[in-house]
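Beneath this line is the structure, given in structure tokens, with notes to follow.
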Amino acid sequence: MTSVVRNQWYVAAYGREVGRDLFSRTVCGESILFWRTRGGLVTAMSDRCVHRRFPLSEPPSHLDGDTVVCGYHGFTYGADGVCVAVPGQTRIPRTARLKAYPVVEQDSFVWVFIGDPDRAAGTPIPRAPWLDLPGWTAVSGMEPLAARASLLVDNLMDLSHETYLHGGYIGTPEVAETPITTEVDEEAGIVRVSRRMADAACPPFYAKSTGITGRITRWQDIEFTPPCLYRLHSRIAPAGVLPNADGTDPDAFHVEVVYAITPETESSTHDFWAVARDFALDDEAVSDFLRESNRTVVLQDVAALNVLERVLTGEPDGYQELSINIDTGGLAARRMIARLSAAL
Ligand code: FES
Ligand SMILES: [Fe+2]
């Protein structure tokens with residue numbers, strides 16, 4: 001996993017995916033077992049038994065209270081990954097412990113720390129509060145991507161592709177036509193890219209969910225915390241309607257689009273996506289529409305990036321990319337990720 005930033009928190013799952021069933025997901029090349037204790041806490045430990053490496057997520061491995069029992073010969077581990085029982089002897093080898101991962105449940109996500117666990121506490125976890133906040137309704141999912149994480153970063157940092165790849169869903173001509181501004185906040189570790197369209201067509205994604213029929217003022221303000229959490233603050237309002245001087249914005253619709261980009265391997269990625277809104281909070285039809293639409297859009301990206309991954313792996317390294325203004329945010333993100341990689 002040479003191109004992947006380690007010593008980093010990554011989203012491994014949604015909290016709803018982890019319960020009293022054994023659940024496994026590979027993050028940065030490491031197979032990790034997740035389960036919830038009877039008290040409701042999420043655990044994260046290696047999904048390979050220390051005895052003969054049988055996966056603990058594989059039947060007949062199972063939970064027994066707050067322990068997990070290997071389905072091959074019965075090594076039994078506690079919630080901290082330490083072996084508490086082995087078959088045929090009372091002495092438990094001191095090294096019989098699974099690698100345990102620092103794990104935090106926050107903003108509907110299960111975050112794990114990959115790398116040196118001693119560095120977990122000093123590494124901030126980026127926030128996406130709207131996914132789990134009163135006054136907001138969120139829909140979310142995860143699509144497997146057969147492409148390296150950096151291709152998804154490029155994709156999300158340059159939304160001009162909405163016009164072409166997502167035409168008829170979220171793309172309109174104005175997205176590609178409107179220049180961006182890019183700002184790098186080194187101290188906060190955030191790359192910001194803004195595109196503010198004063199008078200744009202309303203794409204179906206927003207027309208159907210908000211009920212706006214005419215032209216719109218559309219703001220796309222991206223904040224990306226490399227390497228793992230992307231937030232798009234999307235503001236939609238009838239053309240000409242701006243926030244009040246005091247910052248209140250009652251006549252606009254706000255959508256927070258969140259992506260957690262988690263490398264599975266060098267060349268595959270977990271593409272977690274979520275869409276939170278501050279309107280039509282209890283309207284199931286709007287939730288269903290946004291879930292289905294965003295998933296469709298994500299799958300359009302997945303299809304394109306899967307093709308791109310195949311092309312890149314089939315060609316010699318060292319090709320010369322040609323970058324233009326729209327790539328400023330993506331290039332800034334790459335530089336920040338390169339620095340994070342080098343610093344570890
Ligand atoms: S492989 Fe797990 S107990 Fe033997
Ligand atoms: Fe896209």
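Convention: chains lettered A, B, ... in structure tokens order; per-chain residue numbering from 1; ligands numbered from 1 as shown.
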Counting only C-alpha atoms and all ligand atoms, what residues are within 9 Å of ligand 2, given as an MDAnalysis selection string?
chainID A and resid 152 155:156 158:162 165:166 170 297:302
With all heavy atoms retained, write the just-selected residues as a short mmCIF file (atom, residue, chain, number, x, y, z; two decimals), in the first residue's frame.
```cif
data_model
loop_
_atom_site.label_atom_id
_atom_site.label_comp_id
_atom_site.auth_asym_id
_atom_site.auth_seq_id
_atom_site.Cartn_x
_atom_site.Cartn_y
_atom_site.Cartn_z
N LEU A 152 -10.85 8.94 -7.46
CA LEU A 152 -12.09 9.48 -6.89
C LEU A 152 -11.86 10.89 -6.34
O LEU A 152 -12.73 11.77 -6.45
CB LEU A 152 -12.62 8.53 -5.80
CG LEU A 152 -13.95 8.92 -5.16
CD1 LEU A 152 -15.05 9.11 -6.20
CD2 LEU A 152 -14.37 7.85 -4.14
N ASN A 155 -11.92 13.17 -9.22
CA ASN A 155 -13.30 13.26 -9.71
C ASN A 155 -14.13 14.24 -8.89
O ASN A 155 -14.84 15.09 -9.43
CB ASN A 155 -13.91 11.85 -9.66
CG ASN A 155 -15.39 11.83 -9.96
OD1 ASN A 155 -16.21 12.08 -9.06
ND2 ASN A 155 -15.76 11.54 -11.18
N LEU A 156 -14.00 14.14 -7.57
CA LEU A 156 -14.85 14.96 -6.70
C LEU A 156 -14.36 16.40 -6.61
O LEU A 156 -15.15 17.32 -6.36
CB LEU A 156 -14.89 14.34 -5.30
CG LEU A 156 -15.64 13.01 -5.21
CD1 LEU A 156 -15.40 12.36 -3.85
CD2 LEU A 156 -17.12 13.22 -5.44
N ASP A 158 -13.20 18.16 -9.01
CA ASP A 158 -13.51 18.91 -10.24
C ASP A 158 -14.92 18.55 -10.69
O ASP A 158 -15.13 17.58 -11.40
CB ASP A 158 -12.49 18.57 -11.32
CG ASP A 158 -12.93 19.12 -12.66
OD1 ASP A 158 -13.76 20.05 -12.67
OD2 ASP A 158 -12.46 18.61 -13.69
N LEU A 159 -15.88 19.38 -10.28
CA LEU A 159 -17.28 19.06 -10.57
C LEU A 159 -17.70 19.50 -11.97
O LEU A 159 -18.85 19.34 -12.34
CB LEU A 159 -18.20 19.69 -9.51
CG LEU A 159 -17.99 19.11 -8.10
CD1 LEU A 159 -18.95 19.77 -7.12
CD2 LEU A 159 -18.19 17.59 -8.07
N SER A 160 -16.77 20.05 -12.75
CA SER A 160 -17.14 20.40 -14.12
C SER A 160 -17.62 19.15 -14.86
O SER A 160 -18.37 19.24 -15.82
CB SER A 160 -15.97 21.04 -14.87
OG SER A 160 -14.95 20.10 -15.08
N HIS A 161 -17.20 17.98 -14.38
CA HIS A 161 -17.62 16.75 -15.07
C HIS A 161 -19.12 16.48 -14.92
O HIS A 161 -19.68 15.68 -15.65
CB HIS A 161 -16.80 15.55 -14.57
CG HIS A 161 -17.24 14.98 -13.26
ND1 HIS A 161 -16.77 15.42 -12.04
CD2 HIS A 161 -18.14 14.02 -12.98
CE1 HIS A 161 -17.34 14.73 -11.07
NE2 HIS A 161 -18.19 13.88 -11.59
N GLU A 162 -19.77 17.19 -13.99
CA GLU A 162 -21.22 17.00 -13.82
C GLU A 162 -21.96 17.28 -15.13
O GLU A 162 -22.95 16.63 -15.46
CB GLU A 162 -21.76 17.94 -12.73
CG GLU A 162 -21.38 17.52 -11.33
CD GLU A 162 -22.01 18.41 -10.25
OE1 GLU A 162 -22.61 19.44 -10.61
OE2 GLU A 162 -21.91 18.04 -9.07
N LEU A 165 -20.73 13.98 -17.54
CA LEU A 165 -20.97 12.62 -17.06
C LEU A 165 -22.34 12.50 -16.39
O LEU A 165 -22.93 11.43 -16.39
CB LEU A 165 -19.86 12.26 -16.06
CG LEU A 165 -19.59 10.79 -15.75
CD1 LEU A 165 -19.35 9.98 -17.00
CD2 LEU A 165 -18.36 10.69 -14.83
N HIS A 166 -22.84 13.59 -15.81
CA HIS A 166 -24.10 13.52 -15.06
C HIS A 166 -25.17 14.42 -15.66
O HIS A 166 -26.06 14.89 -14.94
CB HIS A 166 -23.86 13.92 -13.60
CG HIS A 166 -22.77 13.16 -12.91
ND1 HIS A 166 -22.73 11.78 -12.87
CD2 HIS A 166 -21.68 13.58 -12.22
CE1 HIS A 166 -21.64 11.41 -12.19
NE2 HIS A 166 -20.98 12.48 -11.80
N ILE A 170 -27.51 15.82 -12.31
CA ILE A 170 -27.08 16.98 -11.53
C ILE A 170 -26.32 17.99 -12.39
O ILE A 170 -25.99 19.07 -11.93
CB ILE A 170 -26.20 16.59 -10.32
CG1 ILE A 170 -25.03 15.71 -10.77
CG2 ILE A 170 -27.03 15.89 -9.25
CD1 ILE A 170 -24.04 15.43 -9.65
N VAL A 297 -25.95 8.68 -9.80
CA VAL A 297 -24.83 9.57 -10.12
C VAL A 297 -23.50 8.93 -9.69
O VAL A 297 -22.51 8.93 -10.43
CB VAL A 297 -25.05 10.94 -9.44
CG1 VAL A 297 -23.77 11.75 -9.41
CG2 VAL A 297 -26.17 11.70 -10.15
N VAL A 298 -23.49 8.36 -8.48
CA VAL A 298 -22.27 7.71 -7.99
C VAL A 298 -21.90 6.56 -8.92
O VAL A 298 -20.72 6.37 -9.27
CB VAL A 298 -22.45 7.22 -6.54
CG1 VAL A 298 -21.29 6.32 -6.12
CG2 VAL A 298 -22.56 8.41 -5.59
N LEU A 299 -22.89 5.80 -9.37
CA LEU A 299 -22.58 4.67 -10.25
C LEU A 299 -22.08 5.13 -11.62
O LEU A 299 -21.30 4.42 -12.26
CB LEU A 299 -23.81 3.75 -10.39
CG LEU A 299 -24.14 2.97 -9.11
CD1 LEU A 299 -25.44 2.18 -9.27
CD2 LEU A 299 -23.00 2.03 -8.71
N GLN A 300 -22.50 6.32 -12.06
CA GLN A 300 -21.94 6.88 -13.31
C GLN A 300 -20.45 7.18 -13.11
O GLN A 300 -19.63 6.91 -13.98
CB GLN A 300 -22.69 8.17 -13.69
CG GLN A 300 -24.10 7.89 -14.19
CD GLN A 300 -24.95 9.17 -14.30
OE1 GLN A 300 -24.66 10.17 -13.66
NE2 GLN A 300 -26.00 9.11 -15.10
N ASP A 301 -20.11 7.73 -11.94
CA ASP A 301 -18.69 7.97 -11.64
C ASP A 301 -17.93 6.65 -11.53
O ASP A 301 -16.82 6.51 -12.04
CB ASP A 301 -18.54 8.74 -10.32
CG ASP A 301 -18.90 10.21 -10.47
OD1 ASP A 301 -18.58 10.78 -11.52
OD2 ASP A 301 -19.50 10.77 -9.54
N VAL A 302 -18.54 5.68 -10.82
CA VAL A 302 -17.87 4.39 -10.62
C VAL A 302 -17.56 3.76 -11.98
O VAL A 302 -16.45 3.28 -12.23
CB VAL A 302 -18.75 3.46 -9.75
CG1 VAL A 302 -18.27 2.01 -9.84
CG2 VAL A 302 -18.74 3.94 -8.29
#
```
Can you work out which residues are within 6 Å of ligand 1, considering only C-alpha atoms and all ligand atoms, and then hand them over as a PyMOL selection string?
chain A and resi 49+51-54+70+72-75
DSSP helix (DSSP H, G or I) residues within range 207-321 of chain A, listed as number ranges by chain:
A: 207-210, 284-313
Using only C-alpha atoms, please write the residues we just selected to a file, as an mmCIF file, in the first residue's frame.
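again.cif was written with the following content:
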```cif
data_model
loop_
_atom_site.group_PDB
_atom_site.id
_atom_site.type_symbol
_atom_site.label_atom_id
_atom_site.label_comp_id
_atom_site.auth_asym_id
_atom_site.auth_seq_id
_atom_site.Cartn_x
_atom_site.Cartn_y
_atom_site.Cartn_z
ATOM 1 C CA ALA A 207 -35.889 20.581 -9.120
ATOM 2 C CA LYS A 208 -37.664 17.423 -7.994
ATOM 3 C CA SER A 209 -36.405 17.524 -4.412
ATOM 4 C CA THR A 210 -36.984 21.251 -3.747
ATOM 5 C CA GLU A 284 -40.060 9.852 2.423
ATOM 6 C CA ALA A 285 -40.643 10.429 -1.282
ATOM 7 C CA VAL A 286 -37.915 13.097 -1.308
ATOM 8 C CA SER A 287 -35.587 10.768 0.598
ATOM 9 C CA ASP A 288 -36.259 7.938 -1.856
ATOM 10 C CA PHE A 289 -35.716 10.238 -4.818
ATOM 11 C CA LEU A 290 -32.440 11.675 -3.513
ATOM 12 C CA ARG A 291 -31.143 8.236 -2.510
ATOM 13 C CA GLU A 292 -31.910 6.749 -5.916
ATOM 14 C CA SER A 293 -30.652 9.788 -7.839
ATOM 15 C CA ASN A 294 -27.410 10.123 -5.935
ATOM 16 C CA ARG A 295 -26.740 6.413 -6.196
ATOM 17 C CA THR A 296 -27.265 6.645 -9.949
ATOM 18 C CA VAL A 297 -24.828 9.565 -10.123
ATOM 19 C CA VAL A 298 -22.270 7.715 -7.992
ATOM 20 C CA LEU A 299 -22.579 4.669 -10.250
ATOM 21 C CA GLN A 300 -21.938 6.882 -13.306
ATOM 22 C CA ASP A 301 -18.691 7.967 -11.636
ATOM 23 C CA VAL A 302 -17.872 4.391 -10.623
ATOM 24 C CA ALA A 303 -18.320 3.169 -14.209
ATOM 25 C CA ALA A 304 -16.083 5.937 -15.569
ATOM 26 C CA LEU A 305 -13.377 5.508 -12.932
ATOM 27 C CA ASN A 306 -13.347 1.726 -13.316
ATOM 28 C CA VAL A 307 -12.627 2.242 -17.019
ATOM 29 C CA LEU A 308 -9.935 4.780 -16.161
ATOM 30 C CA GLU A 309 -8.260 2.405 -13.698
ATOM 31 C CA ARG A 310 -8.097 -0.303 -16.361
ATOM 32 C CA VAL A 311 -6.616 2.151 -18.842
ATOM 33 C CA LEU A 312 -4.004 3.415 -16.377
ATOM 34 C CA THR A 313 -2.887 -0.052 -15.299
#
```
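The protein and nucleic acid residues lying at most 7 Å from Val112 in chain A are Trp9, Tyr10, Val11, Ala12, Tyr101, Pro102, Val103 and Val104 of chain A, with only C-alpha atoms considered and sequence neighbours fewer than 3 positions away removed.
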Pick from A:Thr172, A:Gln8, A:Asn244, A:Ser323 nearest to Gly122 in chain A, counting only C-alpha atoms
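Once distances to Gly122 in chain A are computed over only C-alpha atoms, the minimum belongs to A:Gln8.
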Of the candidates A:Thr123, A:Ser61, A:Thr163, A:Thr67, which one gets nearest to Thr43 in chain A if we count only C-alpha atoms?
A:Thr67
Show me, as a PyMOL selection string, the residues that have an atom within 10 Å of range 148-150 of chain A when counting only C-alpha atoms, minus same-chain residues fewer than 3 positions from it.
chain A and resi 3-4+145+153-156+227-228+261-271+305-306+308-309+330+333-334+337
